[in-house]
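Engineer: See start_2.tsv below, with TSV, C-alpha atoms.
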chain	number	residue	atom	x	y	z
A	1	MET	CA	0.00	0.00	0.00
A	2	SER	CA	2.85	2.40	0.84
A	3	LYS	CA	4.36	1.78	-2.60
A	4	LEU	CA	1.01	2.61	-4.25
A	5	LEU	CA	0.76	5.82	-2.22
A	6	ASN	CA	4.29	6.78	-3.24
A	7	MET	CA	3.42	6.29	-6.91
A	8	ILE	CA	0.21	8.30	-6.55
A	9	GLY	CA	2.20	11.06	-4.85
A	10	GLY	CA	4.74	11.06	-7.68
A	11	LEU	CA	2.01	11.28	-10.30
A	12	ALA	CA	0.41	14.14	-8.34
A	13	LEU	CA	3.68	16.08	-8.47
A	14	ILE	CA	3.82	15.95	-12.26
A	15	ALA	CA	0.07	16.45	-12.72
A	16	PRO	CA	0.34	20.25	-13.26
A	17	LEU	CA	2.95	19.72	-15.99
A	18	MET	CA	0.86	17.05	-17.71
A	19	TYR	CA	-2.31	19.15	-17.46
A	20	MET	CA	-0.55	22.09	-19.10
A	21	PHE	CA	0.75	19.78	-21.80
A	22	LEU	CA	-2.49	17.92	-22.48
A	23	THR	CA	-4.70	21.01	-22.66
A	24	HIS	CA	-2.39	23.07	-24.84
A	25	GLU	CA	-3.39	24.09	-28.35
A	26	ILE	CA	-0.31	22.39	-29.84
A	27	LEU	CA	-1.53	19.01	-28.61
A	28	ARG	CA	-5.04	19.53	-29.91
A	29	ASN	CA	-3.65	20.26	-33.38
A	30	ASN	CA	-0.96	17.56	-33.58
A	31	THR	CA	-2.08	14.04	-34.41
A	32	MET	CA	1.39	12.55	-33.89
A	33	ILE	CA	1.63	13.76	-30.29
A	34	GLN	CA	-1.92	12.56	-29.62
A	35	MET	CA	-1.03	9.12	-30.96
A	36	SER	CA	2.16	9.06	-28.86
A	37	ILE	CA	0.16	9.78	-25.71
A	38	LEU	CA	-2.43	7.13	-26.55
A	39	LEU	CA	0.23	4.48	-27.18
A	40	SER	CA	2.06	5.55	-24.01
A	41	ILE	CA	-1.03	4.97	-21.88
A	42	VAL	CA	-1.38	1.51	-23.40
A	43	GLY	CA	2.36	0.90	-22.92
A	44	TYR	CA	2.16	1.87	-19.24
A	45	PHE	CA	-0.57	-0.66	-18.46
A	46	VAL	CA	1.03	-3.38	-20.59
A	47	THR	CA	4.30	-2.90	-18.66
A	48	LEU	CA	2.43	-2.89	-15.36
A	49	PHE	CA	0.65	-6.17	-16.09
A	50	MET	CA	3.49	-8.00	-17.87
A	51	ILE	CA	6.17	-7.64	-15.20
A	52	PRO	CA	4.56	-10.06	-12.67
A	53	SER	CA	4.53	-12.78	-15.34
A	54	ILE	CA	8.00	-12.11	-16.75
A	55	LYS	CA	9.70	-11.87	-13.36
A	56	GLY	CA	8.88	-15.54	-12.73
A	57	LEU	CA	10.49	-16.49	-16.03
A	58	CYS	CA	13.62	-14.49	-15.19
A	59	GLU	CA	13.96	-16.11	-11.79
A	60	GLY	CA	13.45	-19.55	-13.31
A	61	ALA	CA	16.21	-18.82	-15.85
A	62	GLY	CA	18.64	-17.92	-13.09
A	63	LEU	CA	18.35	-14.16	-13.61
A	64	TRP	CA	17.99	-13.11	-10.00
A	65	GLY	CA	20.02	-11.35	-7.37
A	66	LYS	CA	20.13	-10.60	-3.67
A	67	ASP	CA	19.31	-7.22	-2.19
A	68	LEU	CA	22.59	-6.35	-0.46
A	69	ASN	CA	21.02	-3.32	1.22
A	70	LYS	CA	18.55	-5.38	3.27
A	71	GLY	CA	21.00	-7.28	5.47
A	72	GLU	CA	20.39	-10.95	6.29
A	73	ALA	CA	16.76	-10.75	5.19
A	74	GLY	CA	17.83	-9.52	1.76
A	75	GLN	CA	20.41	-12.28	1.46
A	76	LYS	CA	17.69	-14.92	1.84
A	77	MET	CA	15.42	-13.51	-0.88
A	78	LYS	CA	15.75	-14.04	-4.62
A	79	ILE	CA	14.89	-10.82	-6.47
A	80	PRO	CA	14.22	-11.33	-10.21
A	81	GLU	CA	16.67	-9.31	-12.30
A	82	SER	CA	16.82	-7.87	-15.83
A	83	LEU	CA	13.16	-6.76	-15.73
A	84	GLY	CA	14.18	-3.71	-17.74
A	85	ILE	CA	13.57	-5.96	-20.74
A	86	VAL	CA	9.79	-5.52	-20.31
A	87	PRO	CA	9.56	-1.71	-20.61
A	88	GLY	CA	12.28	-1.83	-23.27
A	89	VAL	CA	10.34	-4.18	-25.53
A	90	VAL	CA	7.04	-2.37	-24.90
A	91	TYR	CA	8.72	0.95	-25.75
A	92	ILE	CA	10.12	-0.40	-29.02
A	93	VAL	CA	6.68	-1.71	-30.03
A	94	CYS	CA	5.15	1.71	-29.28
A	95	VAL	CA	7.67	3.64	-31.37
A	96	CYS	CA	7.39	1.09	-34.19
A	97	PHE	CA	3.73	2.05	-34.53
A	98	LEU	CA	4.64	5.74	-34.40
A	99	GLN	CA	7.24	5.51	-37.17
A	100	GLU	CA	4.47	4.99	-39.73
A	101	MET	CA	3.39	8.59	-39.14
A	102	PHE	CA	6.66	10.09	-40.43
A	103	GLN	CA	5.89	10.85	-44.07
A	104	ASP	CA	9.14	12.66	-44.88
A	105	LYS	CA	11.82	10.11	-45.91
A	106	THR	CA	14.64	11.93	-44.10
A	107	GLN	CA	12.66	12.07	-40.87
A	108	HIS	CA	11.66	8.44	-41.30
A	109	ASP	CA	15.28	7.33	-41.78
A	110	LEU	CA	16.42	9.27	-38.71
A	111	TYR	CA	13.61	7.76	-36.67
A	112	ILE	CA	14.53	4.21	-37.74
A	113	ALA	CA	18.21	4.88	-36.96
A	114	GLY	CA	17.34	6.09	-33.47
A	115	LEU	CA	15.09	3.09	-32.94
A	116	PHE	CA	17.88	0.74	-34.04
A	117	CYS	CA	20.33	2.31	-31.57
A	118	THR	CA	17.86	1.90	-28.71
A	119	CYS	CA	17.07	-1.69	-29.70
A	120	PHE	CA	20.77	-2.58	-29.92
A	121	MET	CA	21.50	-1.17	-26.46
A	122	LEU	CA	18.52	-3.02	-24.99
A	123	PHE	CA	20.02	-6.23	-26.38
A	124	LEU	CA	23.48	-5.32	-25.05
A	125	GLY	CA	22.09	-4.61	-21.59
A	126	PHE	CA	20.35	-7.98	-21.47
A	127	ALA	CA	23.51	-9.68	-22.73
A	128	ASP	CA	25.48	-7.94	-19.98
A	129	ASP	CA	23.05	-9.20	-17.33
A	130	VAL	CA	23.45	-12.75	-18.65
A	131	LEU	CA	27.15	-12.79	-19.63
A	132	GLU	CA	28.58	-10.08	-17.30
A	133	LEU	CA	30.56	-8.33	-20.03
A	134	ARG	CA	33.87	-6.62	-19.28
A	135	TRP	CA	34.00	-2.83	-19.07
A	136	ARG	CA	35.92	-2.46	-22.33
A	137	TYR	CA	33.00	-4.01	-24.20
A	138	LYS	CA	30.63	-1.61	-22.49
A	139	LEU	CA	32.56	1.24	-24.12
A	140	ILE	CA	33.05	-0.36	-27.53
A	141	LEU	CA	29.54	-1.66	-28.16
A	142	PRO	CA	27.71	1.65	-27.49
A	143	THR	CA	30.10	3.19	-30.01
A	144	LEU	CA	29.02	0.65	-32.62
A	145	ALA	CA	25.37	1.07	-31.67
A	146	SER	CA	25.58	4.81	-32.31
A	147	LEU	CA	26.85	4.46	-35.90
A	148	PRO	CA	23.38	4.33	-37.55
A	149	LEU	CA	22.49	7.57	-35.78
A	150	LEU	CA	25.70	9.28	-36.91
A	151	THR	CA	25.48	8.12	-40.52
A	152	THR	CA	21.89	9.26	-40.98
A	153	TYR	CA	22.30	12.56	-39.11
A	154	SER	CA	21.89	15.43	-41.57
A	155	GLY	CA	21.47	18.40	-39.23
A	156	LEU	CA	23.82	21.23	-38.39
A	157	THR	CA	27.40	20.40	-37.45
A	158	ALA	CA	28.20	23.92	-36.30
A	159	VAL	CA	28.10	25.51	-32.85
A	160	VAL	CA	27.47	29.07	-31.75
A	161	ILE	CA	30.55	30.86	-30.40
A	162	PRO	CA	29.92	32.44	-26.95
A	163	LYS	CA	30.19	36.22	-26.71
A	164	PRO	CA	33.37	36.30	-24.54
A	165	LEU	CA	35.30	34.28	-27.15
A	166	ARG	CA	34.39	36.59	-30.02
A	167	ALA	CA	36.96	39.14	-28.87
A	168	PHE	CA	39.82	36.76	-29.70
A	169	GLU	CA	41.35	37.10	-33.15
A	170	PHE	CA	41.60	33.32	-33.54
A	171	PHE	CA	37.83	32.84	-33.32
A	172	GLN	CA	37.24	35.87	-35.52
A	173	SER	CA	39.31	34.24	-38.25
A	174	ILE	CA	37.53	30.88	-38.22
A	175	ALA	CA	33.96	31.95	-37.43
A	176	THR	CA	31.13	32.28	-39.91
A	177	THR	CA	28.79	35.16	-39.14
A	178	ILE	CA	25.05	35.03	-39.73
A	179	GLY	CA	23.64	38.53	-39.59
A	180	ASP	CA	25.16	40.86	-37.03
A	181	ASN	CA	24.98	38.79	-33.86
A	182	ILE	CA	25.32	35.05	-34.60
A	183	TRP	CA	28.85	33.64	-34.83
A	184	MET	CA	29.05	30.00	-35.92
A	185	LEU	CA	31.98	27.59	-35.82
A	186	GLU	CA	31.76	24.67	-38.24
A	187	LEU	CA	33.04	21.48	-36.58
A	188	GLY	CA	32.28	18.99	-39.34
A	189	ILE	CA	33.31	15.47	-38.36
A	190	LEU	CA	34.27	16.65	-34.87
A	191	TYR	CA	30.61	17.36	-34.16
A	192	LYS	CA	29.77	13.73	-34.92
A	193	VAL	CA	32.59	12.63	-32.64
A	194	TYR	CA	30.96	14.76	-29.96
A	195	MET	CA	27.60	13.07	-30.67
A	196	LEU	CA	29.30	9.70	-30.31
A	197	LEU	CA	30.74	10.67	-26.93
A	198	VAL	CA	27.32	11.86	-25.78
A	199	SER	CA	25.84	8.47	-26.68
A	200	VAL	CA	28.56	6.51	-24.88
A	201	PHE	CA	28.36	8.74	-21.80
A	202	CYS	CA	24.57	8.62	-21.51
A	203	THR	CA	24.52	4.86	-22.00
A	204	ASN	CA	26.95	4.22	-19.14
A	205	THR	CA	26.25	7.09	-16.76
A	206	ILE	CA	22.89	5.86	-15.45
A	207	ASN	CA	24.45	2.43	-15.04
A	208	ILE	CA	27.11	3.68	-12.63
A	209	LEU	CA	24.74	5.88	-10.58
A	210	ALA	CA	22.81	2.93	-9.20
A	211	GLY	CA	22.65	0.48	-6.34
A	212	ILE	CA	19.57	1.40	-4.28
A	213	ASN	CA	15.92	0.62	-4.93
A	214	GLY	CA	14.25	2.94	-7.41
A	215	LEU	CA	17.26	5.10	-8.23
A	216	GLU	CA	17.96	4.01	-11.81
A	217	VAL	CA	14.35	4.31	-12.94
A	218	GLY	CA	13.60	7.34	-10.77
A	219	GLN	CA	16.42	9.46	-12.17
A	220	SER	CA	15.50	8.39	-15.71
A	221	VAL	CA	11.89	9.50	-15.22
A	222	VAL	CA	12.96	12.90	-13.87
A	223	ILE	CA	15.35	13.45	-16.78
A	224	GLY	CA	12.68	12.27	-19.23
A	225	LEU	CA	10.14	14.72	-17.82
A	226	SER	CA	12.71	17.52	-18.06
A	227	ILE	CA	13.36	16.63	-21.70
A	228	LEU	CA	9.61	16.65	-22.38
A	229	LEU	CA	9.19	20.10	-20.83
A	230	HIS	CA	12.18	21.49	-22.73
A	231	ASN	CA	10.87	20.07	-26.01
A	232	PHE	CA	7.43	21.48	-25.34
A	233	ILE	CA	8.87	24.96	-24.78
A	234	GLU	CA	10.98	24.79	-27.92
A	235	PHE	CA	8.27	23.23	-30.08
A	236	GLU	CA	5.85	25.94	-29.03
A	237	ALA	CA	8.45	28.48	-30.16
A	238	GLY	CA	8.35	26.96	-33.65
A	239	ASN	CA	11.31	24.55	-33.55
A	240	GLU	CA	9.87	21.61	-35.46
A	241	GLN	CA	12.87	19.31	-34.88
A	242	HIS	CA	11.68	18.85	-31.29
A	243	LEU	CA	8.61	16.92	-32.47
A	244	PHE	CA	10.75	13.79	-32.92
A	245	SER	CA	11.99	14.04	-29.35
A	246	ILE	CA	8.49	14.62	-27.96
A	247	VAL	CA	6.95	11.55	-29.56
A	248	CYS	CA	9.92	9.39	-28.48
A	249	ILE	CA	10.20	10.54	-24.86
A	250	ILE	CA	6.51	10.26	-23.91
A	251	PRO	CA	6.38	6.44	-24.30
A	252	PHE	CA	9.70	6.16	-22.45
A	253	ILE	CA	8.32	8.05	-19.44
A	254	ALA	CA	5.17	5.91	-19.45
A	255	VAL	CA	6.88	2.50	-19.54
A	256	SER	CA	9.44	3.67	-16.96
A	257	PHE	CA	6.62	4.58	-14.57
A	258	GLY	CA	5.25	1.06	-15.03
A	259	LEU	CA	8.62	-0.42	-14.04
A	260	LEU	CA	9.09	2.05	-11.17
A	261	TYR	CA	6.02	0.68	-9.41
A	262	TYR	CA	7.81	-2.65	-8.93
A	263	ASN	CA	11.33	-1.26	-8.48
A	264	TRP	CA	10.50	1.34	-5.83
A	265	TYR	CA	11.48	0.59	-2.24
A	266	PRO	CA	11.07	-2.18	-1.21
A	267	SER	CA	11.90	-3.47	-4.67
A	268	GLU	CA	10.13	-6.55	-6.03
A	269	VAL	CA	12.37	-6.65	-9.13
A	270	PHE	CA	15.78	-5.41	-10.22
A	271	VAL	CA	15.99	-3.51	-13.50
A	272	GLY	CA	19.48	-4.75	-14.40
A	273	ASP	CA	21.84	-3.29	-16.97
A	274	THR	CA	19.06	-4.00	-19.46
A	275	PHE	CA	17.17	-0.91	-18.33
A	276	THR	CA	20.11	1.38	-17.63
A	277	TYR	CA	21.56	0.92	-21.14
A	278	PHE	CA	18.14	1.18	-22.75
A	279	ALA	CA	17.35	4.35	-20.79
A	280	GLY	CA	20.72	5.96	-21.44
A	281	MET	CA	20.57	5.41	-25.19
A	282	THR	CA	16.95	6.59	-25.39
A	283	LEU	CA	17.87	9.84	-23.64
A	284	ALA	CA	20.88	10.27	-25.93
A	285	VAL	CA	18.83	9.64	-29.08
A	286	THR	CA	16.15	12.14	-28.10
A	287	GLY	CA	18.79	14.75	-27.26
A	288	ILE	CA	20.79	14.29	-30.46
A	289	MET	CA	17.84	14.06	-32.84
A	290	GLY	CA	16.15	16.98	-31.12
A	291	HIS	CA	19.35	19.05	-31.49
A	292	PHE	CA	19.65	19.86	-27.79
A	293	SER	CA	22.53	17.66	-26.65
A	294	LYS	CA	24.11	20.54	-24.66
A	295	THR	CA	20.85	21.05	-22.77
A	296	LEU	CA	20.68	17.30	-22.16
A	297	MET	CA	24.09	17.49	-20.49
A	298	LEU	CA	22.67	20.13	-18.13
A	299	PHE	CA	19.98	17.67	-17.04
A	300	LEU	CA	22.71	15.12	-16.21
A	301	ILE	CA	24.52	17.13	-13.54
A	302	PRO	CA	24.23	14.39	-10.84
A	303	GLN	CA	25.49	11.83	-13.36
A	304	TRP	CA	28.45	14.08	-14.22
A	305	LEU	CA	29.25	14.51	-10.53
A	306	ASN	CA	29.09	10.76	-9.93
A	307	PHE	CA	31.28	10.11	-12.98
A	308	LEU	CA	33.93	12.64	-11.91
A	309	ILE	CA	33.92	11.34	-8.33
A	310	SER	CA	34.26	7.76	-9.63
A	311	LEU	CA	37.21	8.41	-11.96
A	312	PRO	CA	39.97	7.32	-9.52
A	313	GLN	CA	38.29	3.93	-9.11
A	314	LEU	CA	37.22	3.57	-12.74
A	315	PHE	CA	40.84	4.05	-13.82
A	316	LYS	CA	42.09	1.70	-11.06
A	317	ILE	CA	44.07	4.45	-9.31
A	318	ILE	CA	42.17	3.36	-6.21
A	319	PRO	CA	41.05	-0.29	-5.79
A	320	CYS	CA	37.62	-0.77	-7.33
A	321	PRO	CA	35.43	-3.62	-6.01
A	322	ARG	CA	32.66	-5.09	-8.13
A	323	HIS	CA	29.95	-3.54	-5.95
A	324	ARG	CA	30.51	0.05	-4.83
A	325	ILE	CA	27.15	0.47	-3.13
A	326	PRO	CA	26.78	1.70	0.47
A	327	LYS	CA	27.05	-0.92	3.22
A	328	PHE	CA	24.15	-2.07	5.37
A	329	ASN	CA	24.50	-1.88	9.16
A	330	GLN	CA	22.72	-4.93	10.56
A	331	GLN	CA	22.36	-3.38	14.04
A	332	THR	CA	20.85	-0.04	13.02
A	333	GLY	CA	19.15	-1.07	9.77
A	334	LEU	CA	20.68	1.96	8.05
A	335	LEU	CA	22.97	2.42	5.08
A	336	GLU	CA	26.46	3.73	5.77
A	337	SER	CA	29.22	4.92	3.47
A	338	SER	CA	31.34	2.07	2.14
A	339	LYS	CA	34.17	4.56	1.44
A	340	ASN	CA	33.90	3.88	-2.29
A	341	TRP	CA	34.08	6.88	-4.56
A	342	THR	CA	30.47	7.41	-5.61
A	343	LEU	CA	27.90	10.15	-5.19
A	344	LEU	CA	25.78	7.90	-2.97
A	345	ASN	CA	28.65	7.35	-0.54
A	346	LEU	CA	29.52	11.06	-0.61
A	347	ILE	CA	25.98	11.95	0.45
A	348	LEU	CA	26.17	9.40	3.28
A	349	GLU	CA	29.49	10.91	4.37
A	350	ILE	CA	27.75	14.29	4.59
A	351	THR	CA	24.43	13.24	6.15
A	352	GLY	CA	25.48	10.20	8.14
A	353	PRO	CA	23.66	6.82	8.03
A	354	LEU	CA	20.24	6.85	6.34
A	355	LYS	CA	17.42	4.49	5.50
A	356	GLU	CA	17.59	3.24	1.94
A	357	SER	CA	14.24	4.82	1.09
A	358	THR	CA	15.41	8.17	2.50
A	359	LEU	CA	18.59	8.05	0.43
A	360	THR	CA	16.51	7.35	-2.69
A	361	TYR	CA	14.25	10.33	-1.94
A	362	ILE	CA	17.30	12.57	-1.47
A	363	MET	CA	18.77	11.46	-4.79
A	364	ILE	CA	15.51	12.00	-6.68
A	365	VAL	CA	15.02	15.45	-5.15
A	366	PHE	CA	18.64	16.28	-5.99
A	367	GLN	CA	17.99	15.20	-9.59
A	368	VAL	CA	14.92	17.45	-9.74
A	369	LEU	CA	16.87	20.42	-8.37
A	370	CYS	CA	19.72	19.84	-10.83
A	371	CYS	CA	17.27	19.69	-13.74
A	372	ALA	CA	15.76	22.97	-12.50
A	373	LEU	CA	19.29	24.42	-12.45
A	374	GLY	CA	19.70	23.14	-16.01
A	375	PHE	CA	16.60	25.07	-17.09
A	376	TYR	CA	17.93	28.20	-15.39
A	377	ILE	CA	21.27	27.92	-17.17
A	378	ARG	CA	19.60	27.17	-20.51
A	379	TYR	CA	16.97	29.91	-20.53
A	380	ILE	CA	18.33	32.66	-18.28
A	381	TYR	CA	22.06	32.44	-17.57
A	382	SER	CA	22.99	31.51	-21.15
A	383	THR	CA	21.57	34.80	-22.46
A	384	TYR	CA	24.69	36.52	-21.10
A	385	TYR	CA	26.86	34.40	-23.40
A	386	TYR	CA	24.65	33.80	-26.44
A	387	ASP	CA	22.40	36.07	-28.49
Show this structure as structure tokens.
Structural biologist:
Amino acid sequence: MSKLLNMIGGLALIAPLMYMFLTHEILRNNTMIQMSILLSIVGYFVTLFMIPSIKGLCEGAGLWGKDLNKGEAGQKMKIPESLGIVPGVVYIVCVCFLQEMFQDKTQHDLYIAGLFCTCFMLFLGFADDVLELRWRYKLILPTLASLPLLTTYSGLTAVVIPKPLRAFEFFQSIATTIGDNIWMLELGILYKVYMLLVSVFCTNTINILAGINGLEVGQSVVIGLSILLHNFIEFEAGNEQHLFSIVCIIPFIAVSFGLLYYNWYPSEVFVGDTFTYFAGMTLAVTGIMGHFSKTLMLFLIPQWLNFLISLPQLFKIIPCPRHRIPKFNQQTGLLESSKNWTLLNLILEITGPLKESTLTYIMIVFQVLCCALGFYIRYIYSTYYYD
């Protein structure tokens, strides 16, 4: 019952945003967005009802784990793992139906390329859960998965030069001016390299900020909602390229909410690398195809912090165990810092021991605040540096 109340509370928090979105004139006049919402509602309920059946199959196939944050009680329970496969497959089915609505061949090709990237990473995540792939493969395979997106990308490969840099003679010599105020720097192939790095980072970053019930899916939902709001603002301003991102992110949010019901504390299922890779690539695809990859990076501030904190262990400068999650104190029933270099352990160092559910709430609220900061930087602070 407490889990149901938590989900209802979460839906109530986003209700004002969804009401504004659903009642807006743009929605009433756009069949593609209407269809995306309809399929998303269906996808949410399909995910919700399929997981109880699939989790038994996963456990029977040996895809299960122990909840290390529950002490001896958690060690005795088998928690089905890799249940990210359910929302992933449902999402792909939803967007397959939507792709028929893209009449323009270029848009259709881009859509199919993005769908292929997401499908490939879903497969890789499931393979990782089964085969426990080495880290070097986790860097190489997302690179290969991103190639269809890069080869079909036909948008701008130039960036706007910030105002402070325009005073330097070097930038004056290489910039292309559009009108009196817009200075562009053509990056060419380097821009596609940047897109590749965005894909690899997004795919892995949610995977390494994990380890407590509800965190992987919760942060993905918050980022997805932020992307939806940003796209809505830009689409209303007449930027048509954001339509692709809107119709792709709505089903993702819906199926993730379906999974979150079972993954929220106390978790009935584990999402596995299947979900984290699927979620990361979906966010990357929507950001790249919507031409707002820099804004996407602003929504990933907690993930950047966790990545930077983790670097000494990721590069083996400091010993890196397989599990870097906080440790459970059997006497107090609280999570304590395990001294590993992660954002979760840093928060526990600052706050002291916490309940797992409390730590999850803190992380989700922190993600919301960082996304709000991202909006401030994008729409207010950036005006001092860009026209």
Engineer: Mind checking which residues fall within 9 Å of range 251-258 of chain A, counting all atoms listed in the file, ignoring those fewer than 2 positions away in the same chain, and posting them as a PyMOL selection string?
Structural biologist: chain A and resi 7+36-37+39-49+51+84+86-88+90-91+94-95+217-218+220-222+224-225+247-249+260-262+279+282
Engineer: For Leu215 in chain A, find every residue with an atom within 12 Å (counting all atoms listed in the file), except residues of its own chain fewer than 3 positions away, and show them as a ChimeraX atom specification.
Structural biologist: /A:206-212,218-222,256,259-260,263-267,270-272,275-276,302-303,344,356-367
Engineer: Taking (19.7, 4.0, -32.0) in the coordinates of the supplied file, I want to know which residues reach to within 9 Å of it, counting only C-alpha atoms; could you give the answer as a list in words?
Structural biologist: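 The residues near that point, listed by chain and number, are Tyr111, Ile112, Ala113, Gly114, Leu115, Phe116, Cys117, Thr118, Cys119, Phe120, Met121, Ala145, Ser146, Leu147, Pro148, Leu149, Met281, Thr282, Ala284 and Val285 of chain A.
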Engineer: Could you tell me how far CA of Asn306 in chain A sits from CA of Leu369 in chain A, in Å to one decimal place?
Structural biologist: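 Distance reported for this atom pair: 15.7 Å.
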Engineer: With all atoms of range 279-284 of chain A from the file as input, state the centre and edge lengths in Å to one decimal of the axis-aligned box that has 3 Å extra on each side, as JSON.
Structural biologist:
{"center_x": 18.9, "center_y": 7.3, "center_z": -23.4, "size_x": 9.9, "size_y": 11.9, "size_z": 11.1}
Engineer: State, in Å with one decimal place, the distance from CA of Pro164 in chain A to CA of Ala372 in chain A.
Structural biologist: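 The value is 25.2 Å.
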Engineer: Between A:Arg322, A:Tyr379, A:Lys339, A:Phe171, which one has atoms that come closest to Ile233 in chain A, using only C-alpha atoms?
Structural biologist: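 Among the listed residues, A:Tyr379 lies closest to Ile233 in chain A.
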Engineer: Quick one: distance from CA of Gly290 in chain A to CA of Leu243 in chain A in Å, one decimal?
Structural biologist: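 Here the two named atoms are 7.7 Å from each other.
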Engineer: Pick from A:Asp67, A:Leu373, A:Pro326, A:Leu354: nearest to Thr342 in chain A, with all atoms listed in the file counted?
Structural biologist: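 Closest residue, counting all atoms listed in the file: A:Pro326.
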Engineer: Counting only C-alpha atoms, which of A:Gly65, A:Leu98, A:Met289, A:Leu141 gets nearest to Ile250 in chain A?
Structural biologist: A:Leu98
Engineer: Please list as a CSV table (one decimal) with C-alpha atoms, in the coordinates of the input every residue within 9 Å of Ser199 in chain A, counting all atoms listed in the file and excluding residues in the same chain fewer than 2 positions away.
Structural biologist:
chain,number,residue,atom,x,y,z
A,142,PRO,CA,27.7,1.6,-27.5
A,143,THR,CA,30.1,3.2,-30.0
A,145,ALA,CA,25.4,1.1,-31.7
A,146,SER,CA,25.6,4.8,-32.3
A,194,TYR,CA,31.0,14.8,-30.0
A,195,MET,CA,27.6,13.1,-30.7
A,196,LEU,CA,29.3,9.7,-30.3
A,197,LEU,CA,30.7,10.7,-26.9
A,201,PHE,CA,28.4,8.7,-21.8
A,202,CYS,CA,24.6,8.6,-21.5
A,203,THR,CA,24.5,4.9,-22.0
A,204,ASN,CA,27.0,4.2,-19.1
A,280,GLY,CA,20.7,6.0,-21.4
A,281,MET,CA,20.6,5.4,-25.2
A,283,LEU,CA,17.9,9.8,-23.6
A,284,ALA,CA,20.9,10.3,-25.9
A,285,VAL,CA,18.8,9.6,-29.1
A,288,ILE,CA,20.8,14.3,-30.5
Engineer: Considering all atoms listed in the file, return as a list of chain:residue names whatever protein or nucleic-acid residues lie within 6 Å of range 68-83 of chain A, sequence-local ones (same chain, fewer than 5 positions apart) excluded.
Structural biologist: A:Lys55, A:Cys58, A:Glu59, A:Leu63, A:Val269, A:Phe270, A:Val271, A:Gly272, A:Thr274, A:Phe328, A:Gln330
Engineer: So, counting all atoms listed in the file, which residue among A:Tyr386, A:Trp64, A:Ile33, A:Phe168 is closest to Met184 in chain A?
Structural biologist: A:Tyr386
Engineer: Using all atoms listed in the file, pick whichever of A:Ala127, A:Ala175, A:His291, A:Gln99 has the shortest atom-to-atom distance to Thr157 in chain A.
Structural biologist: A:His291
